[in-house]
Amino acid sequence: MRHRLMPIMLAILLPATAQCDDGLIAHWPLAENGQDVSGNGIHATSHGVDFNAAGPTGVPHTAAGFDGQSALLEIPAHQRLQLGTQNFSVSAWVDADAGFDDVPGDLISQYDAATRRGFHLGLKTSAGVTFSQANVRQLQFGMDQNRPDESWEDCGSPGNALLAFALCEFDGQLYAGTCEPGRDDAGHVYRYDGHAKWTDCGAPDLSNSVTALAVFDGQLYAGTGKYRVAGSSLPESENTVLGGRIFRYAGESNWIDCGRLAESEAVGGMVVFGNRLYASSLYRPAGFFRYAGGTTWQDAGCPQRPADLPGDTTQMRVEAMGVYNGWLYATSYDGGRVFRFNGESWFDCGQLADNTQSYAFAILEGRLYVGTWPSGRVYRFEKPQQWTDVGRLGEELEVMGMLVHNGRLIAGTLPLAEVYEFDNRSSWKKLTRLDHTPDVRYRRAWTMAEHDGRLFCSTLPSGKIYSWRAGRVAMADKAFPPGWHHVAAVRSSGSLKLFVDGVLAATQAGFQAADYDLSVAHPLQIGFGPNDYFKGKLSDVKLYGRALSDAEIEAHAKDR
């Protein structure tokens with residue numbers, strides 16, 4: 001009886017303003033079921049969603065719980081859901097899981113990957129983009145009608161960079177960690193100020209590189225190293241100072257020493273998993289460490305060499321690290337394998353064909369992908385010991401940084417520093433070549449991050465950073481906070497806007513409304529999208545066929 005009466009009771013109890021919303025296309029309270037109470041009959045079918053969750057007021061059965069792995073609500077294509085070029089708004093109460101054992105995932109989307117058309121609203125964490133954690137819990141509202149930029153913008157070279165080893169978005173700013181190999185140089189961190197201008201934020205130590213960046217507990221951390229430049233077939237660095245230390249940014253050009261990773265001469269990957277900061281050693285001896293505060297790093301143990309893998313060391317190096325479905329995943333330079341970690345022990349996920357090294361991770365449509373050397377191929381994870389080859393990137397040998405930008409999986413390569421886009425099946429389209437330095441053996445499109453609606457990519461040996469975009473994306477400055485919060489996304493004429501708790505969090509403008517027709521013969525999905533399944537709770541999801549005003553959004557945010 002309760003299930004049948006709940007939508008009627010909600011309609012009676014909801015405030016009068018909610019009952020008479022002008023332009024309301026659908027309203028899914030997500031209390032007990034996926035029924036639409038707007039009167040338009042746009043009901044959602046549940047796939048593994050838990051309707052016993054407590055909503056913003058703490059009352060049970062007033063929210064839907066999503067597991068981050070397979071749960072979603074699906075609404076079939078409907079005439080009223082053909083948004084076209086019109087203004088529209090989405091609002092919802094969101095409680096995104098804050099455990100850092102998975103990426104947060106998408107809140108609501110109607111996006112057709114085959115045609116690159118539609119919209120999505122979600123929370124992005126991009127870890128394992130080579131060695132860095134590039135974006136953390138970033139609220140994004142994107143749309144596209146297959147409109148990628150035709151050219152890449154030259155964003156300049158920070159300092160005396162041979163390359164930007166690391167890129168990371170932190171508090172609305174893009175930061176780059178550099179390799180500067182000259183005798184009197186050192187790796188610095190720089191902040192991008194637009195128009196090819198980079199502000200020096202200091203050198204954490206005297207080694208030649210800042211190899212990794214990550215945001216942990218609301219602070220920016222940097223790992224340093226003596227990068228062996230000869231590994232890129234270039235003259236070895238004249239700076240012989242060892243790194244292997246972690247620092248916390250203290251503003252301006254100040255860095256606080258947080259300790260060294262045992263015998264490491266260079267930090268490899270950095271990632272947050274289970275609300276703990278982890279870091280690895282780039283070179284031998286292999287090392288994997290957990291931050292214990294102050295200057296203390298605990299040895300968390302490395303994976304052991306599998307019996308079927310020849311070699312003369314027992315411990316395997318772990319390099320790029322990402323988080324996916326409750327595990328920390330790590331690539332390795334030893335044997336082209338991938339390992340995963342549950343917080344205590346490592347497990348072997350198998351070798352990627354005949355490759356000897358594995359590189360960056362990316363998550364697309366809820367699936368984990370990894371790049372390799374020397375085949376220049378990308379593989380999709382199916383289950384331990386089972387990987388699907390999804391194609392080679394041109395004639396390239398190595399796949400480095402990978403990142404999903406506005407629904408598209410983008411990857412950089414060696415030896416020509418090319419950039420490719422995945423078709424979501426088994427082939428790759430070349431977008432550009434970024435580095436044309438003459439008379440060198442290797443050129444690398446090294447790592448990536450998202451900032452201000454664009455994808456940024458660093459290169460070696462030119463040291464330049466380039467940016468590009470597909471469609472339009474509004475990206476919030478601050479990491480999305482834990483607990484229940486009201487979110488609203490608005491398309492209004494030539495702008496996209498994001499609001500958190502009634503306050504404007506991001507704007508992306510400067511386009512023509514007619515350029516983005518979002519009508520697709522594709523289901524609308526709650527709790528899933530082009531990035532990943534959502535992990536957390538949702539309540540009171542509404543879709544409007546008009547742009548809500550700032551005042552209306554503020555009123556919604558105050559009305560639990």
# chains A, B, ... in the order shown; residues from 1 in each chain; ligands from 1
$ residues_around --residues "Val399 (chain A)" --least-positions-apart "5" --cutoff "8 Å" --atoms "only C-alpha atoms" --output "list in words"
Tyr359, Ala360, Gly371, Thr372, Trp373, Gly376, Arg377, Val378, Leu393, Ala411, Gly412, Thr413 and Leu414 of chain A
$ write_last_selection --atoms "C-alpha atoms" --output "PDB file, in the first residue's frame"
ATOM      1  CA  TYR A 359      50.796   3.504 -18.509  1.00  0.00           C
ATOM      2  CA  ALA A 360      47.817   5.764 -17.771  1.00  0.00           C
ATOM      3  CA  GLY A 371      47.606   2.399 -22.281  1.00  0.00           C
ATOM      4  CA  THR A 372      50.765   0.415 -23.130  1.00  0.00           C
ATOM      5  CA  TRP A 373      54.298   0.249 -24.572  1.00  0.00           C
ATOM      6  CA  GLY A 376      50.836   1.574 -28.787  1.00  0.00           C
ATOM      7  CA  ARG A 377      47.524  -0.077 -27.891  1.00  0.00           C
ATOM      8  CA  VAL A 378      44.807   0.509 -25.309  1.00  0.00           C
ATOM      9  CA  LEU A 393      46.729   4.543 -32.000  1.00  0.00           C
ATOM     10  CA  ALA A 411      44.970   9.794 -25.437  1.00  0.00           C
ATOM     11  CA  GLY A 412      48.504  11.060 -26.129  1.00  0.00           C
ATOM     12  CA  THR A 413      51.365   9.081 -27.655  1.00  0.00           C
ATOM     13  CA  LEU A 414      55.076   8.542 -28.338  1.00  0.00           C
TER      14      LEU A 414
END
$ residues_around --residues "region 69-81 of chain A" --least-positions-apart "5" --cutoff "9 Å" --atoms "only C-alpha atoms" --output "short mmCIF file (atom, residue, chain, number, x, y, z; two decimals) with N, CA and C atoms, in the first residue's frame"
data_model
loop_
_atom_site.label_atom_id
_atom_site.label_comp_id
_atom_site.auth_asym_id
_atom_site.auth_seq_id
_atom_site.Cartn_x
_atom_site.Cartn_y
_atom_site.Cartn_z
N ILE A 25 9.26 19.42 -16.99
CA ILE A 25 9.13 18.28 -17.89
C ILE A 25 8.91 17.00 -17.11
N ALA A 26 9.71 16.81 -16.06
CA ALA A 26 9.59 15.61 -15.23
C ALA A 26 10.13 15.88 -13.84
N GLY A 34 10.96 5.01 -9.10
CA GLY A 34 11.40 5.99 -10.08
C GLY A 34 10.27 6.68 -10.80
N ASN A 40 3.35 14.04 -16.34
CA ASN A 40 3.69 13.80 -17.75
C ASN A 40 4.00 12.34 -18.04
N ILE A 42 6.60 10.39 -17.39
CA ILE A 42 7.94 10.04 -17.86
C ILE A 42 8.64 9.25 -16.75
N HIS A 43 8.23 8.01 -16.59
CA HIS A 43 8.69 7.20 -15.47
C HIS A 43 10.04 6.53 -15.77
N ALA A 44 10.79 6.27 -14.70
CA ALA A 44 12.11 5.66 -14.82
C ALA A 44 12.07 4.20 -14.39
N THR A 45 12.79 3.36 -15.11
CA THR A 45 12.94 1.96 -14.74
C THR A 45 14.22 1.79 -13.93
N SER A 46 14.10 1.11 -12.82
CA SER A 46 15.24 0.93 -11.92
C SER A 46 16.05 -0.30 -12.33
N HIS A 47 17.38 -0.13 -12.32
CA HIS A 47 18.30 -1.24 -12.51
C HIS A 47 19.23 -1.28 -11.29
N GLY A 48 18.78 -1.97 -10.26
CA GLY A 48 19.60 -2.15 -9.07
C GLY A 48 19.68 -0.98 -8.13
N VAL A 49 18.77 -0.03 -8.23
CA VAL A 49 18.79 1.15 -7.37
C VAL A 49 18.14 0.83 -6.02
N ASP A 50 18.72 1.34 -4.93
CA ASP A 50 18.21 1.12 -3.58
C ASP A 50 17.31 2.30 -3.19
N GLN A 110 21.90 12.47 -20.95
CA GLN A 110 21.23 11.99 -22.16
C GLN A 110 22.22 12.26 -23.29
N ASN A 325 35.96 1.16 -8.73
CA ASN A 325 35.10 0.11 -8.17
C ASN A 325 35.67 -0.55 -6.91
N GLY A 366 31.83 3.65 -17.51
CA GLY A 366 31.89 2.67 -16.43
C GLY A 366 32.93 1.59 -16.62
N SER A 519 18.77 17.06 -29.24
CA SER A 519 17.77 16.01 -29.43
C SER A 519 18.44 14.72 -29.87
N VAL A 520 18.22 13.64 -29.12
CA VAL A 520 18.80 12.33 -29.45
C VAL A 520 17.78 11.23 -29.20
N ALA A 521 17.85 10.19 -29.99
CA ALA A 521 17.01 9.02 -29.77
C ALA A 521 17.73 8.08 -28.80
N HIS A 522 17.92 8.57 -27.60
CA HIS A 522 18.73 7.86 -26.61
C HIS A 522 18.08 8.03 -25.25
N PRO A 523 18.11 7.00 -24.41
CA PRO A 523 17.48 7.12 -23.09
C PRO A 523 18.11 8.22 -22.24
N LEU A 524 17.31 8.80 -21.39
CA LEU A 524 17.84 9.66 -20.33
C LEU A 524 18.17 8.76 -19.15
N GLN A 525 19.34 8.95 -18.56
CA GLN A 525 19.80 8.07 -17.49
C GLN A 525 20.12 8.88 -16.23
N ILE A 526 19.65 8.38 -15.11
CA ILE A 526 19.96 8.97 -13.81
C ILE A 526 20.92 8.01 -13.10
N GLY A 527 22.08 8.53 -12.70
CA GLY A 527 23.08 7.70 -12.04
C GLY A 527 24.07 7.06 -12.98
N PHE A 528 24.11 7.50 -14.22
CA PHE A 528 25.06 6.96 -15.19
C PHE A 528 25.22 7.94 -16.33
N ASP A 532 31.05 7.42 -15.65
CA ASP A 532 30.94 6.24 -14.81
C ASP A 532 29.59 6.23 -14.11
N TYR A 533 29.29 5.10 -13.48
CA TYR A 533 28.12 4.98 -12.63
C TYR A 533 28.32 5.86 -11.40
N PHE A 534 27.23 6.46 -10.94
CA PHE A 534 27.29 7.32 -9.76
C PHE A 534 27.35 6.49 -8.49
N LYS A 535 28.17 6.94 -7.54
CA LYS A 535 28.23 6.30 -6.23
C LYS A 535 27.79 7.32 -5.19
N GLY A 545 11.96 22.53 -18.95
CA GLY A 545 12.13 22.96 -20.33
C GLY A 545 12.35 24.45 -20.44
#
$ select_by_dssp --residues "region 215-321 of chain A" --states "helix (DSSP H, G or I)" --output "list in words"
Val229, Ala230, Gly231 and Ser232 of chain A
$ select_by_dssp --residues "region 43-286 of chain A" --states "strand (DSSP E or B)" --output "PyMOL selection string"
chain A and resi 45-47+50-53+63-67+72-75+88-96+105-112+117-129+132-148+153-154+163-170+173-179+189-192+198-200+209-216+219-225+245-249+255-260+266-273+276-281
$ closest_residue --among "A:Thr130, A:His556, A:Val267, A:Gly301" --to "Thr331 (chain A)" --atoms "only C-alpha atoms"
A:Thr130
$ residues_around --residues "Pro438 (chain A)" --least-positions-apart "6" --cutoff "12 Å" --atoms "only C-alpha atoms" --output "ChimeraX atom specification"
/A:416,460-462
$ write_last_selection --atoms "N, CA and C atoms" --output "mmCIF file, in the first residue's frame"
data_model
loop_
_atom_site.group_PDB
_atom_site.id
_atom_site.type_symbol
_atom_site.label_atom_id
_atom_site.label_comp_id
_atom_site.auth_asym_id
_atom_site.auth_seq_id
_atom_site.Cartn_x
_atom_site.Cartn_y
_atom_site.Cartn_z
ATOM 1 N N LEU A 416 55.660 10.434 -31.707
ATOM 2 C CA LEU A 416 55.378 11.661 -32.453
ATOM 3 C C LEU A 416 54.540 12.675 -31.686
ATOM 4 N N LEU A 460 56.788 16.805 -24.624
ATOM 5 C CA LEU A 460 58.250 16.690 -24.542
ATOM 6 C C LEU A 460 58.758 16.476 -25.952
ATOM 7 N N PRO A 461 59.872 17.119 -26.369
ATOM 8 C CA PRO A 461 60.780 17.959 -25.579
ATOM 9 C C PRO A 461 60.548 19.460 -25.729
ATOM 10 N N SER A 462 59.475 19.879 -26.407
ATOM 11 C CA SER A 462 59.261 21.322 -26.597
ATOM 12 C C SER A 462 58.935 22.027 -25.288
#
$ residues_around --residues "region 150-161 of chain A" --least-positions-apart "6" --cutoff "7 Å" --atoms "only C-alpha atoms" --output "VMD selection string"
chain A and resid 178 to 180 190 195 to 198 463 to 468
$ write_last_selection --atoms "C-alpha atoms" --output "PDB file, in the first residue's frame"
ATOM      1  CA  THR A 178      57.941  20.683 -14.658  1.00  0.00           C
ATOM      2  CA  CYS A 179      61.135  18.889 -15.580  1.00  0.00           C
ATOM      3  CA  GLU A 180      63.922  21.473 -16.001  1.00  0.00           C
ATOM      4  CA  TYR A 190      53.582  26.849 -12.091  1.00  0.00           C
ATOM      5  CA  HIS A 195      47.056  33.670 -22.524  1.00  0.00           C
ATOM      6  CA  ALA A 196      50.232  31.528 -22.338  1.00  0.00           C
ATOM      7  CA  LYS A 197      51.209  33.103 -18.992  1.00  0.00           C
ATOM      8  CA  TRP A 198      52.510  30.901 -16.172  1.00  0.00           C
ATOM      9  CA  GLY A 463      57.998  21.870 -23.046  1.00  0.00           C
ATOM     10  CA  LYS A 464      54.820  23.432 -24.384  1.00  0.00           C
ATOM     11  CA  ILE A 465      51.314  22.881 -23.085  1.00  0.00           C
ATOM     12  CA  TYR A 466      48.315  22.925 -25.424  1.00  0.00           C
ATOM     13  CA  SER A 467      44.571  23.094 -24.820  1.00  0.00           C
ATOM     14  CA  TRP A 468      41.517  21.959 -26.782  1.00  0.00           C
TER      15      TRP A 468
END
$ residues_around --residues "region 338-354 of chain A" --least-positions-apart "6" --cutoff "6 Å" --atoms "only C-alpha atoms" --output "VMD selection string"
chain A and resid 303 327 to 331 384 to 385
$ residues_around --residues "Val59 (chain A)" --least-positions-apart "6" --cutoff "12 Å" --atoms "only C-alpha atoms" --output "list in words"
Ala31, Glu32, Phe51, Asn52, Ala53, Ser539 and Arg560 of chain A
$ closest_residue --among "A:Arg443, A:Leu30, A:Asp144, A:Asp193" --to "Leu162 (chain A)" --atoms "only C-alpha atoms"
A:Arg443
